[in-house]
>>> print(open('coords.txt').read())   # compact mmCIF, C-alpha atoms
# COMPACT_ATOMS: atom_id res chain seq x y z
CA MET N 1 0.00 0.00 0.00
CA SER N 2 1.45 3.37 -0.99
CA LYS N 3 2.30 5.98 1.62
CA LYS N 4 -0.23 8.33 0.02
CA ILE N 5 -3.10 5.84 0.39
CA THR N 6 -1.99 4.97 3.92
CA LEU N 7 -1.96 8.65 4.83
CA LEU N 8 -5.41 9.11 3.27
CA LEU N 9 -6.88 6.16 5.21
CA THR N 10 -5.28 7.33 8.44
CA THR N 11 -6.70 10.82 7.96
CA LEU N 12 -10.15 9.39 7.16
CA LEU N 13 -10.04 7.17 10.26
CA CYS N 14 -9.08 10.14 12.42
CA CYS N 15 -11.96 12.17 10.99
CA ILE N 16 -14.44 9.37 11.67
CA THR N 17 -13.13 8.93 15.23
CA SER N 18 -13.26 12.67 15.83
CA PHE N 19 -16.83 12.85 14.54
CA ALA N 20 -17.88 9.96 16.75
CA GLN N 21 -16.26 11.60 19.76
CA GLN N 22 -18.02 14.89 19.00
CA LYS N 23 -21.34 13.11 18.61
CA ASN N 24 -20.90 11.27 21.91
CA THR N 25 -19.94 14.51 23.62
CA GLY N 26 -22.90 16.31 22.07
CA ASP N 27 -25.34 13.63 23.17
CA HIS N 28 -23.93 13.25 26.66
CA TRP N 29 -26.41 15.68 28.20
CA LEU N 30 -29.32 13.68 26.77
CA GLN N 31 -27.96 10.35 27.95
CA HIS N 32 -27.39 11.79 31.41
CA ALA N 33 -30.89 13.28 31.48
CA ASN N 34 -32.46 9.96 30.56
CA GLU N 35 -30.50 8.16 33.24
CA VAL N 36 -31.58 10.65 35.89
CA VAL N 37 -35.19 10.56 34.69
CA HIS N 38 -35.33 6.79 34.88
CA GLU N 39 -33.79 6.61 38.33
CA GLN N 40 -35.94 9.38 39.80
CA LEU N 41 -39.18 8.00 38.39
CA SER N 42 -38.35 4.47 39.50
CA LYS N 43 -37.62 5.61 43.05
CA ALA N 44 -40.68 7.89 43.13
CA ALA N 45 -42.99 5.16 41.88
CA ALA N 46 -41.75 2.83 44.61
CA PHE N 47 -41.91 5.46 47.35
CA TYR N 48 -45.22 7.26 46.73
CA LYS N 49 -48.64 5.63 46.83
CA PRO N 50 -51.39 5.66 44.14
CA GLY N 51 -54.07 8.21 44.91
CA LEU N 52 -51.71 10.50 46.80
CA ASP N 53 -49.42 12.10 44.24
CA PRO N 54 -46.30 14.23 44.78
CA ARG N 55 -47.00 17.78 43.63
CA SER N 56 -44.16 19.95 45.03
CA VAL N 57 -42.06 20.55 48.13
CA ASN N 58 -43.30 22.65 51.05
CA PRO N 59 -41.14 25.41 52.59
CA ASP N 60 -40.43 23.13 55.57
CA GLY N 61 -38.92 20.52 53.24
CA THR N 62 -41.81 18.06 53.29
CA VAL N 63 -43.46 16.87 50.11
CA LYS N 64 -46.82 18.35 49.17
CA LEU N 65 -48.95 15.30 48.43
CA VAL N 66 -52.29 15.80 46.69
CA HIS N 67 -55.36 13.82 45.78
CA LEU N 68 -58.47 14.63 43.80
CA PRO N 69 -59.71 17.19 42.97
CA ASP N 70 -56.30 18.92 42.93
CA TRP N 71 -55.63 20.02 39.34
CA THR N 72 -52.13 18.52 39.23
CA THR N 73 -52.98 14.91 40.13
CA GLY N 74 -52.66 13.66 36.56
CA PHE N 75 -49.09 14.81 36.05
CA PHE N 76 -47.25 12.20 38.11
CA PRO N 77 -49.04 9.24 36.47
CA GLY N 78 -48.49 10.97 33.12
CA SER N 79 -44.80 11.35 33.88
CA LEU N 80 -44.57 7.63 34.60
CA TRP N 81 -46.11 6.88 31.22
CA LEU N 82 -43.68 9.23 29.48
CA GLY N 83 -40.83 7.71 31.46
CA TYR N 84 -41.89 4.30 30.20
CA GLU N 85 -41.81 5.58 26.63
CA LEU N 86 -38.35 7.05 27.12
CA SER N 87 -36.87 3.97 28.78
CA GLY N 88 -38.94 0.97 27.76
CA ASP N 89 -38.95 -0.11 31.42
CA GLN N 90 -42.04 -2.29 31.86
CA LEU N 91 -42.05 -1.72 35.61
CA LEU N 92 -42.68 2.00 35.02
CA ALA N 93 -45.66 1.06 32.83
CA GLU N 94 -47.06 -1.12 35.61
CA LYS N 95 -46.65 1.66 38.15
CA ALA N 96 -48.17 4.17 35.72
CA ARG N 97 -51.22 1.96 35.39
CA SER N 98 -51.68 1.80 39.18
CA PHE N 99 -51.32 5.55 39.68
CA THR N 100 -53.65 6.24 36.75
CA LEU N 101 -56.46 3.92 37.81
CA ALA N 102 -56.34 5.46 41.28
CA LEU N 103 -57.79 8.62 39.70
CA ASP N 104 -60.94 6.89 38.44
CA SER N 105 -63.32 9.15 40.37
CA ALA N 106 -62.00 12.14 38.40
CA ARG N 107 -64.62 11.18 35.83
CA ASN N 108 -67.22 12.66 38.18
CA LEU N 109 -65.69 16.14 38.40
CA THR N 110 -68.04 18.73 36.93
CA ASN N 111 -66.94 21.97 38.56
CA THR N 112 -63.61 22.56 36.83
CA HIS N 113 -61.99 22.74 33.43
CA ASP N 114 -58.97 21.00 34.94
CA VAL N 115 -60.33 17.57 34.04
CA GLY N 116 -58.16 18.04 30.97
CA PHE N 117 -55.02 18.29 33.07
CA ILE N 118 -56.19 15.58 35.47
CA ILE N 119 -57.56 12.96 33.09
CA TYR N 120 -55.89 13.54 29.76
CA THR N 121 -52.31 13.59 31.09
CA SER N 122 -52.93 10.31 32.93
CA TYR N 123 -55.69 8.32 31.23
CA GLY N 124 -55.01 9.95 27.87
CA ASN N 125 -51.37 8.85 27.84
CA ALA N 126 -52.35 5.45 29.19
CA TYR N 127 -54.78 4.83 26.33
CA ARG N 128 -52.49 6.34 23.69
CA ILE N 129 -49.66 4.01 24.67
CA THR N 130 -51.54 0.79 25.53
CA ARG N 131 -54.86 1.03 23.68
CA ASP N 132 -56.35 -0.74 26.69
CA LYS N 133 -60.09 0.01 26.74
CA ILE N 134 -60.11 0.02 30.53
CA TYR N 135 -59.17 3.70 30.29
CA LEU N 136 -62.00 4.74 27.98
CA PRO N 137 -64.92 5.13 30.45
CA ALA N 138 -63.10 7.75 32.52
CA LEU N 139 -61.91 9.50 29.36
CA SER N 140 -65.45 9.55 27.99
CA ASP N 141 -67.03 10.92 31.17
CA GLY N 142 -64.35 13.55 31.68
CA ALA N 143 -64.66 14.85 28.13
CA LYS N 144 -68.43 15.06 28.51
CA HIS N 145 -68.08 17.18 31.64
CA LEU N 146 -65.45 19.43 30.05
CA TYR N 147 -67.67 20.03 27.03
CA ALA N 148 -70.60 20.85 29.33
CA ARG N 149 -68.65 23.91 30.50
CA PHE N 150 -68.73 25.40 27.00
CA ASN N 151 -71.06 28.37 26.56
CA PRO N 152 -71.78 28.96 22.84
CA LYS N 153 -72.97 32.51 23.50
CA VAL N 154 -69.65 33.43 25.08
CA GLY N 155 -67.68 31.12 22.81
CA VAL N 156 -65.43 29.69 25.51
CA ILE N 157 -65.16 26.96 28.14
CA ARG N 158 -65.53 28.31 31.66
CA SER N 159 -62.42 27.85 33.78
CA TRP N 160 -63.39 28.51 37.40
CA ASP N 161 -66.57 28.55 39.42
CA PHE N 162 -65.17 31.08 41.90
CA PRO N 163 -67.92 33.51 42.96
CA GLU N 164 -65.78 36.65 42.54
CA TRP N 165 -65.81 36.16 38.76
CA HIS N 166 -68.71 36.20 36.30
CA TYR N 167 -67.45 33.81 33.60
CA PRO N 168 -63.65 33.54 33.91
CA VAL N 169 -61.41 32.00 31.30
CA ILE N 170 -57.69 31.57 31.95
CA ILE N 171 -55.04 31.11 29.28
CA ASP N 172 -54.21 27.75 30.90
CA ASN N 173 -57.53 26.50 29.50
CA MET N 174 -55.96 26.31 26.04
CA MET N 175 -54.20 23.17 27.23
CA ASN N 176 -57.47 21.34 27.91
CA LEU N 177 -58.60 21.68 24.30
CA GLU N 178 -56.38 18.76 23.32
CA TYR N 179 -58.64 16.50 25.37
CA LEU N 180 -61.71 17.66 23.44
CA TYR N 181 -60.00 17.31 20.07
CA TRP N 182 -58.97 13.77 20.94
CA ALA N 183 -62.44 12.87 22.21
CA ALA N 184 -64.10 14.32 19.10
CA THR N 185 -62.36 11.69 16.99
CA ALA N 186 -61.97 8.80 19.41
CA LEU N 187 -65.52 9.01 20.74
CA ASN N 188 -67.15 10.30 17.54
CA MET N 189 -68.28 13.57 19.08
CA PRO N 190 -67.61 16.28 16.47
CA ALA N 191 -69.28 18.93 18.64
CA TYR N 192 -66.33 18.64 21.01
CA ALA N 193 -63.88 19.71 18.31
CA ALA N 194 -66.13 22.58 17.25
CA ALA N 195 -66.26 23.84 20.84
CA ALA N 196 -62.47 23.57 21.17
CA SER N 197 -61.87 25.57 18.00
CA THR N 198 -64.39 28.22 18.99
CA HIS N 199 -62.71 28.56 22.38
CA ALA N 200 -59.32 28.98 20.72
CA LYS N 201 -60.62 31.65 18.33
CA THR N 202 -62.28 33.58 21.15
CA THR N 203 -59.11 33.34 23.24
CA LYS N 204 -57.03 34.57 20.32
CA LYS N 205 -59.33 37.58 20.04
CA ASN N 206 -59.62 38.56 23.70
CA HIS N 207 -56.58 37.27 25.57
CA TYR N 208 -53.84 38.68 23.37
CA ARG N 209 -52.27 42.11 23.21
CA PRO N 210 -50.76 43.66 20.05
CA ASP N 211 -47.29 42.34 20.99
CA TYR N 212 -48.73 38.78 21.32
CA SER N 213 -48.33 38.63 25.06
CA SER N 214 -51.32 37.23 26.88
CA TYR N 215 -53.54 38.26 29.74
CA HIS N 216 -53.94 35.53 32.31
CA VAL N 217 -57.69 35.88 32.92
CA VAL N 218 -60.54 37.27 30.83
CA ASP N 219 -63.87 37.63 32.61
CA TYR N 220 -66.98 37.55 30.41
CA ASP N 221 -70.64 38.39 30.81
CA PRO N 222 -72.21 34.92 30.52
CA ALA N 223 -75.41 36.33 29.05
CA THR N 224 -73.88 38.43 26.26
CA GLY N 225 -70.29 37.29 25.85
CA LYS N 226 -69.02 40.84 26.47
CA VAL N 227 -65.53 41.14 27.94
CA LEU N 228 -65.88 42.56 31.45
CA LYS N 229 -62.26 42.49 32.54
CA GLN N 230 -58.79 41.45 31.38
CA ALA N 231 -56.74 40.60 34.44
CA THR N 232 -54.30 38.31 36.16
CA HIS N 233 -54.44 35.84 39.01
CA GLN N 234 -50.89 34.48 39.13
CA GLY N 235 -48.95 37.15 37.26
CA LEU N 236 -47.39 40.34 38.57
CA THR N 237 -50.10 42.74 37.34
CA ASP N 238 -53.07 42.72 35.02
CA GLU N 239 -50.88 44.07 32.21
CA SER N 240 -47.76 41.99 32.85
CA SER N 241 -46.65 38.85 31.03
CA TRP N 242 -46.87 35.90 33.39
CA SER N 243 -44.28 33.52 31.99
CA ARG N 244 -46.05 30.19 32.33
CA GLY N 245 -49.17 31.74 30.83
CA GLN N 246 -47.23 32.73 27.73
CA ALA N 247 -45.97 29.15 27.46
CA TRP N 248 -49.49 27.73 27.88
CA GLY N 249 -50.64 29.85 24.94
CA LEU N 250 -47.75 28.83 22.71
CA TYR N 251 -48.39 25.18 23.42
CA GLY N 252 -52.15 25.52 23.04
CA PHE N 253 -52.23 27.25 19.65
CA THR N 254 -49.56 24.93 18.26
CA MET N 255 -51.64 21.95 19.35
CA CYS N 256 -54.81 23.50 17.87
CA TYR N 257 -53.05 23.75 14.53
CA ARG N 258 -52.14 20.07 14.73
CA HIS N 259 -55.79 19.12 15.11
CA THR N 260 -57.39 21.61 12.71
CA ARG N 261 -54.71 22.73 10.25
CA ASP N 262 -56.26 26.19 10.56
CA PRO N 263 -53.45 28.54 9.45
CA LYS N 264 -54.66 31.24 11.85
CA PHE N 265 -53.68 29.03 14.77
CA LEU N 266 -50.23 28.41 13.29
CA VAL N 267 -49.63 32.12 12.73
CA GLN N 268 -50.72 32.84 16.30
CA ALA N 269 -48.30 30.23 17.62
CA GLU N 270 -45.49 31.70 15.52
CA HIS N 271 -46.15 35.18 16.90
CA ILE N 272 -46.20 33.93 20.49
CA ALA N 273 -42.98 32.01 19.85
CA ALA N 274 -41.32 35.18 18.56
CA PHE N 275 -42.48 37.13 21.62
CA LEU N 276 -40.83 34.55 23.86
CA MET N 277 -37.70 33.69 21.88
CA TYR N 278 -36.69 37.30 21.24
CA HIS N 279 -37.90 38.84 24.48
CA PRO N 280 -35.27 41.30 25.74
CA ARG N 281 -35.64 39.94 29.27
CA MET N 282 -35.31 36.28 28.39
CA PRO N 283 -32.22 35.18 30.35
CA GLU N 284 -29.23 33.72 28.57
CA ASP N 285 -30.04 30.25 29.90
CA LYS N 286 -33.56 30.58 28.43
CA VAL N 287 -35.37 29.88 31.70
CA PRO N 288 -37.55 32.94 32.33
CA ALA N 289 -38.38 34.60 35.58
CA TRP N 290 -41.88 33.83 36.86
CA ASP N 291 -43.12 37.03 35.17
CA PHE N 292 -41.32 38.84 32.36
CA ASP N 293 -42.20 42.18 33.94
CA VAL N 294 -40.97 41.48 37.45
CA HIS N 295 -37.96 43.63 36.51
CA ASN N 296 -40.32 46.61 36.35
CA ALA N 297 -41.35 46.14 39.97
CA LEU N 298 -38.06 46.73 41.72
CA GLU N 299 -39.71 49.22 44.01
CA LYS N 300 -41.72 46.29 45.38
CA ASP N 301 -38.50 44.36 45.95
CA LEU N 302 -39.81 41.27 44.15
CA PRO N 303 -37.11 38.81 43.10
CA ALA N 304 -36.93 37.51 39.53
CA ILE N 305 -37.01 33.84 40.54
CA LYS N 306 -36.73 31.47 37.61
CA ASP N 307 -39.61 29.21 36.58
CA ALA N 308 -38.38 25.94 35.08
CA SER N 309 -41.98 24.87 34.42
CA ALA N 310 -42.46 27.72 31.94
CA ALA N 311 -39.24 26.75 30.16
CA ALA N 312 -40.21 23.07 29.97
CA ILE N 313 -43.63 23.84 28.48
CA MET N 314 -42.03 26.24 26.02
CA ALA N 315 -39.45 23.66 24.91
CA SER N 316 -42.11 21.03 24.27
CA ALA N 317 -44.25 23.49 22.33
CA LEU N 318 -41.36 24.76 20.20
CA LEU N 319 -40.40 21.23 19.25
CA GLU N 320 -43.90 20.52 18.00
CA LEU N 321 -44.05 23.90 16.25
CA SER N 322 -40.81 23.07 14.44
CA THR N 323 -42.52 20.14 12.71
CA TYR N 324 -44.90 22.55 10.95
CA GLU N 325 -42.24 25.02 9.79
CA LYS N 326 -40.25 25.07 6.54
CA ASN N 327 -37.35 26.54 8.49
CA ALA N 328 -37.58 24.34 11.56
CA GLN N 329 -34.03 24.69 12.81
CA PRO N 330 -34.38 27.91 14.87
CA PHE N 331 -37.21 26.35 16.88
CA VAL N 332 -35.35 23.07 17.39
CA ASP N 333 -32.17 24.89 18.36
CA TYR N 334 -33.97 27.08 20.88
CA ALA N 335 -35.77 24.11 22.42
CA GLU N 336 -32.50 22.19 22.54
CA ALA N 337 -30.85 25.09 24.36
CA ILE N 338 -33.65 25.05 26.95
CA LEU N 339 -33.36 21.29 27.40
CA LYS N 340 -29.61 21.47 27.82
CA THR N 341 -30.08 24.09 30.53
CA LEU N 342 -32.77 22.08 32.29
CA SER N 343 -30.56 18.99 32.01
CA SER N 344 -27.63 20.75 33.66
CA ASP N 345 -26.69 20.54 37.33
CA SER N 346 -28.37 23.90 37.88
CA TYR N 347 -31.85 22.47 37.26
CA LEU N 348 -31.66 18.67 37.02
CA ALA N 349 -31.79 16.81 40.30
CA LYS N 350 -29.05 14.46 41.37
CA PRO N 351 -30.26 10.85 41.45
CA GLY N 352 -31.99 10.03 44.72
CA GLU N 353 -32.29 13.69 45.77
CA ASN N 354 -34.98 16.37 45.36
CA HIS N 355 -37.61 14.05 46.86
CA PHE N 356 -37.37 12.12 43.57
CA PHE N 357 -38.66 15.05 41.51
CA ILE N 358 -36.68 15.53 38.30
CA LEU N 359 -36.36 19.30 37.98
CA LYS N 360 -35.64 22.01 40.53
CA HIS N 361 -36.55 25.70 40.58
CA SER N 362 -40.15 26.23 39.49
CA VAL N 363 -42.70 28.78 40.68
CA GLY N 364 -46.39 28.13 41.23
CA ALA N 365 -48.01 31.42 42.30
CA PHE N 366 -45.45 33.92 43.57
CA LEU N 367 -47.80 36.64 44.83
CA TYR N 368 -49.67 34.08 46.93
CA ASP N 369 -46.42 32.81 48.42
CA SER N 370 -47.25 29.42 46.94
CA GLU N 371 -44.66 27.00 45.58
CA ILE N 372 -41.73 29.36 45.16
CA ASP N 373 -38.43 27.97 43.89
CA THR N 374 -39.50 24.36 44.29
CA PRO N 375 -39.83 21.22 42.20
CA ILE N 376 -43.32 20.93 40.70
CA ASP N 377 -44.90 17.89 39.05
CA TYR N 378 -46.00 19.63 35.85
CA ALA N 379 -42.49 20.95 35.23
CA ASP N 380 -41.31 17.33 35.24
CA TYR N 381 -44.15 16.24 32.96
CA TYR N 382 -43.51 18.77 30.21
CA TYR N 383 -39.75 18.29 30.49
CA LEU N 384 -40.26 14.57 29.84
CA GLU N 385 -42.60 15.30 26.94
CA ALA N 386 -40.02 17.68 25.50
CA LEU N 387 -37.27 15.05 25.83
CA LYS N 388 -39.46 12.54 24.00
CA ARG N 389 -40.28 15.02 21.23
CA TYR N 390 -36.61 15.94 20.92
CA ARG N 391 -35.64 12.29 20.64
CA ASP N 392 -38.30 11.68 18.00
CA ILE N 393 -37.28 14.73 15.95
CA LYS N 394 -33.61 13.77 16.14
CA HIS N 395 -34.46 10.10 15.42
CA ILE N 396 -32.59 8.97 18.51
CA SER N 397 -33.60 5.44 19.53
CA LYS N 398 -33.80 4.10 23.08
CA GLU N 399 -30.82 1.89 22.29
CA THR N 400 -28.56 4.72 21.08
CA LYS N 401 -29.67 7.55 23.35
>>> encode(input="coords.txt", output="structure tokens")
Amino acid sequence: MSKKITLLLTTLLCCITSFAQQKNTGDHWLQHANEVVHEQLSKAAAFYKPGLDPRSVNPDGTVKLVHLPDWTTGFFPGSLWLGYELSGDQLLAEKARSFTLALDSARNLTNTHDVGFIIYTSYGNAYRITRDKIYLPALSDGAKHLYARFNPKVGVIRSWDFPEWHYPVIIDNMMNLEYLYWAATALNMPAYAAAASTHAKTTKKNHYRPDYSSYHVVDYDPATGKVLKQATHQGLTDESSWSRGQAWGLYGFTMCYRHTRDPKFLVQAEHIAAFLMYHPRMPEDKVPAWDFDVHNALEKDLPAIKDASAAAIMASALLELSTYEKNAQPFVDYAEAILKTLSSDSYLAKPGENHFFILKHSVGAFLYDSEIDTPIDYADYYYLEALKRYRDIKHISKETK
């Protein structure tokens, strides 16, 4: 063999080795994240009991355990299902089934829109993954009760039954539309999809400002549909941009486009994405403070505590949005940057710590002194969903992750 050919082969081998090393280095964060996810979920599933789900951590260091009708009860079972998808661990699937079936009485809830969060994240994932018809009765009843909260005169699904409001609708409610879209097809109830689309169109009209930031709450006159008030409940002020609310909207309108292919929903999602991605107060690590405008309230001495839950929801939404875009890369890159941050030591728990939650540093409702700088179950859920979507987009298998 000539020296020239030998040199060429040696150079080629070095290039291949270098590429492989770069790939392994580049994927290390994802491999580490999956290992932590699997260990934390396995330990949590063994430690906690079905029907009493870990929601967050109290200021005294104890775990806040919740049961129905708390709006977050579906997230831990849902996380177990997503963990099963990420790992293929059959034991996680068995635990997910137990924690899901423990929520069976959720089918009787009629006084909240949160049946979408409660039932669809748990029973919805269970049925999607297993196709076991044992999950259908609860899914059917829950969807029926969610649809019953739709007022065609107002054009939206009522969120709360709190007496201080007339007919309140929160931006979070966009997330529950996925349940109705699914039920419309799976249960042959086209009226459900029509209600979901009407709700999204009304929300687009009344929740959003010219810069595509969102109000948290819009209160309507139930008799006429007139907007009575645009306000907040968890944000800094009525006119501020509560970070998780902006992420809910991005996720919701992206999902609505998936189910309807209505270009207006896609354009709305793109505008919300731009508001978030290019916001001048988005931190370098891409995990926003609990409200984008907390920096304007220095006279109140309010800290700009980060909210990992908002970042996780945003990452998952951007990954889905990327699949509908001709130029998908900016959305994938931004979501990847978020996931790398959340998978770093700054946010990702060490195995066996953090009361077996996966992420640290989320904020529930700052102004109510509720769940500040704590792990929260829905942050874990949307982080796992984002990891799964990232893996699917990158075509990374369980075996090579």
>>> closest_residue(input="coords.txt", among="N:Val227, N:Val37, N:Leu321, N:Val57", to="Thr202 in chain N", atoms="only C-alpha atoms")
N:Val227
>>> residues_around(input="coords.txt", residues="Arg158 in chain N", least_positions_apart="2", cutoff="8 Å", atoms="all atoms listed in the file", output="ChimeraX atom specification")
/N:112-113,149-151,156,160-161,167-169
>>> closest_residue(input="coords.txt", among="N:Leu91, N:Leu367, N:Ala269, N:Leu319", to="Arg391 in chain N", atoms="only C-alpha atoms")
N:Leu319
>>> residues_around(input="coords.txt", residues="range 250-254 of chain N", least_positions_apart="4", cutoff="7 Å", atoms="all atoms listed in the file", output="list in words")
Met174, Met175, Gln246, Arg258, Phe265, Leu266, Gln268, Ala269, Ile272, Ala273, Met314, Ala317 and Leu321 of chain N
>>> residues_around(input="coords.txt", residues="Ile157 in chain N", least_positions_apart="2", cutoff="12 Å", atoms="only C-alpha atoms", output="PyMOL selection string")
chain N and resi 111-114+116+145-155+159-161+167-177+180+192+194-203+218-220+222+225
>>> atom_distance(input="coords.txt", atom1="CA of Glu239 in chain N", atom2="CA of Tyr212 in chain N")
12.3 Å
>>> closest_residue(input="coords.txt", among="N:Val115, N:Cys256, N:Leu236, N:Ala223", to="His295 in chain N", atoms="only C-alpha atoms")
N:Leu236
>>> closest_residue(input="coords.txt", among="N:Ser344, N:Ala186, N:His395, N:His361", to="His32 in chain N", atoms="only C-alpha atoms")
N:Ser344
>>> closest_residue(input="coords.txt", among="N:Val63, N:Ala93, N:Leu109, N:Leu342", to="Asn125 in chain N", atoms="only C-alpha atoms")
N:Ala93
>>> closest_residue(input="coords.txt", among="N:Ile305, N:Ala231, N:Ala44, N:Leu86", to="Asn354 in chain N", atoms="only C-alpha atoms")
N:Ala44
>>> residues_around(input="coords.txt", residues="Pro210 in chain N", least_positions_apart="5", cutoff="12 Å", atoms="only C-alpha atoms", output="PyMOL selection string")
chain N and resi 204-205+215+268+271-272+275
>>> write_last_selection(input="coords.txt", atoms="C-alpha atoms", output="compact mmCIF listing (two decimals), in the frame of the given file")
# COMPACT_ATOMS: atom_id res chain seq x y z
CA LYS N 204 -57.03 34.57 20.32
CA LYS N 205 -59.33 37.58 20.04
CA TYR N 215 -53.54 38.26 29.74
CA GLN N 268 -50.72 32.84 16.30
CA HIS N 271 -46.15 35.18 16.90
CA ILE N 272 -46.20 33.93 20.49
CA PHE N 275 -42.48 37.13 21.62
>>> axis_aligned_box(input="coords.txt", around="range 377-382 of chain N", padding_each_side="5 Å", output="JSON")
{"center_x": -43.7, "center_y": 18.6, "center_z": 34.6, "size_x": 14.7, "size_y": 14.7, "size_z": 18.8}
>>> residues_around(input="coords.txt", residues="range 68-71 of chain N", least_positions_apart="3", cutoff="12 Å", atoms="all atoms listed in the file", output="PyMOL selection string")
chain N and resi 50-55+64-65+74-76+100+102-122+159-160+172-173+176+377-378
>>> build_atoms(input="coords.txt", residues="range 57-72 of chain N", atoms="N, CA and C atoms", output="PDB file, keeping the file's coordinate frame")
ATOM      1  N   VAL N  57     -42.693  20.653  46.817  1.00  0.00           N
ATOM      2  CA  VAL N  57     -42.060  20.550  48.130  1.00  0.00           C
ATOM      3  C   VAL N  57     -42.434  21.788  48.950  1.00  0.00           C
ATOM      4  N   ASN N  58     -42.905  21.563  50.164  1.00  0.00           N
ATOM      5  CA  ASN N  58     -43.300  22.650  51.050  1.00  0.00           C
ATOM      6  C   ASN N  58     -42.075  23.403  51.572  1.00  0.00           C
ATOM      7  N   PRO N  59     -42.266  24.636  52.047  1.00  0.00           N
ATOM      8  CA  PRO N  59     -41.140  25.410  52.590  1.00  0.00           C
ATOM      9  C   PRO N  59     -40.398  24.706  53.719  1.00  0.00           C
ATOM     10  N   ASP N  60     -41.092  23.831  54.461  1.00  0.00           N
ATOM     11  CA  ASP N  60     -40.430  23.130  55.570  1.00  0.00           C
ATOM     12  C   ASP N  60     -39.679  21.889  55.102  1.00  0.00           C
ATOM     13  N   GLY N  61     -39.678  21.650  53.780  1.00  0.00           N
ATOM     14  CA  GLY N  61     -38.920  20.520  53.240  1.00  0.00           C
ATOM     15  C   GLY N  61     -39.718  19.254  53.071  1.00  0.00           C
ATOM     16  N   THR N  62     -40.973  19.244  53.497  1.00  0.00           N
ATOM     17  CA  THR N  62     -41.810  18.060  53.290  1.00  0.00           C
ATOM     18  C   THR N  62     -42.445  18.105  51.902  1.00  0.00           C
ATOM     19  N   VAL N  63     -42.843  16.959  51.430  1.00  0.00           N
ATOM     20  CA  VAL N  63     -43.460  16.870  50.110  1.00  0.00           C
ATOM     21  C   VAL N  63     -44.938  17.221  50.192  1.00  0.00           C
ATOM     22  N   LYS N  64     -45.388  18.034  49.273  1.00  0.00           N
ATOM     23  CA  LYS N  64     -46.820  18.350  49.170  1.00  0.00           C
ATOM     24  C   LYS N  64     -47.478  17.233  48.375  1.00  0.00           C
ATOM     25  N   LEU N  65     -48.238  16.405  49.057  1.00  0.00           N
ATOM     26  CA  LEU N  65     -48.950  15.300  48.430  1.00  0.00           C
ATOM     27  C   LEU N  65     -50.399  15.704  48.196  1.00  0.00           C
ATOM     28  N   VAL N  66     -50.933  15.365  47.041  1.00  0.00           N
ATOM     29  CA  VAL N  66     -52.290  15.800  46.690  1.00  0.00           C
ATOM     30  C   VAL N  66     -53.121  14.622  46.176  1.00  0.00           C
ATOM     31  N   HIS N  67     -54.412  14.772  46.342  1.00  0.00           N
ATOM     32  CA  HIS N  67     -55.360  13.820  45.780  1.00  0.00           C
ATOM     33  C   HIS N  67     -56.444  14.611  45.072  1.00  0.00           C
ATOM     34  N   LEU N  68     -57.378  13.937  44.491  1.00  0.00           N
ATOM     35  CA  LEU N  68     -58.470  14.630  43.800  1.00  0.00           C
ATOM     36  C   LEU N  68     -59.231  15.509  44.788  1.00  0.00           C
ATOM     37  N   PRO N  69     -59.675  16.687  44.351  1.00  0.00           N
ATOM     38  CA  PRO N  69     -59.710  17.190  42.970  1.00  0.00           C
ATOM     39  C   PRO N  69     -58.556  18.115  42.593  1.00  0.00           C
ATOM     40  N   ASP N  70     -57.400  18.031  43.272  1.00  0.00           N
ATOM     41  CA  ASP N  70     -56.300  18.920  42.930  1.00  0.00           C
ATOM     42  C   ASP N  70     -55.981  18.824  41.441  1.00  0.00           C
ATOM     43  N   TRP N  71     -55.748  19.973  40.804  1.00  0.00           N
ATOM     44  CA  TRP N  71     -55.630  20.020  39.340  1.00  0.00           C
ATOM     45  C   TRP N  71     -54.357  19.357  38.817  1.00  0.00           C
ATOM     46  N   THR N  72     -53.395  19.078  39.701  1.00  0.00           N
ATOM     47  CA  THR N  72     -52.130  18.520  39.230  1.00  0.00           C
ATOM     48  C   THR N  72     -52.044  16.999  39.351  1.00  0.00           C
TER      49      THR N  72
END
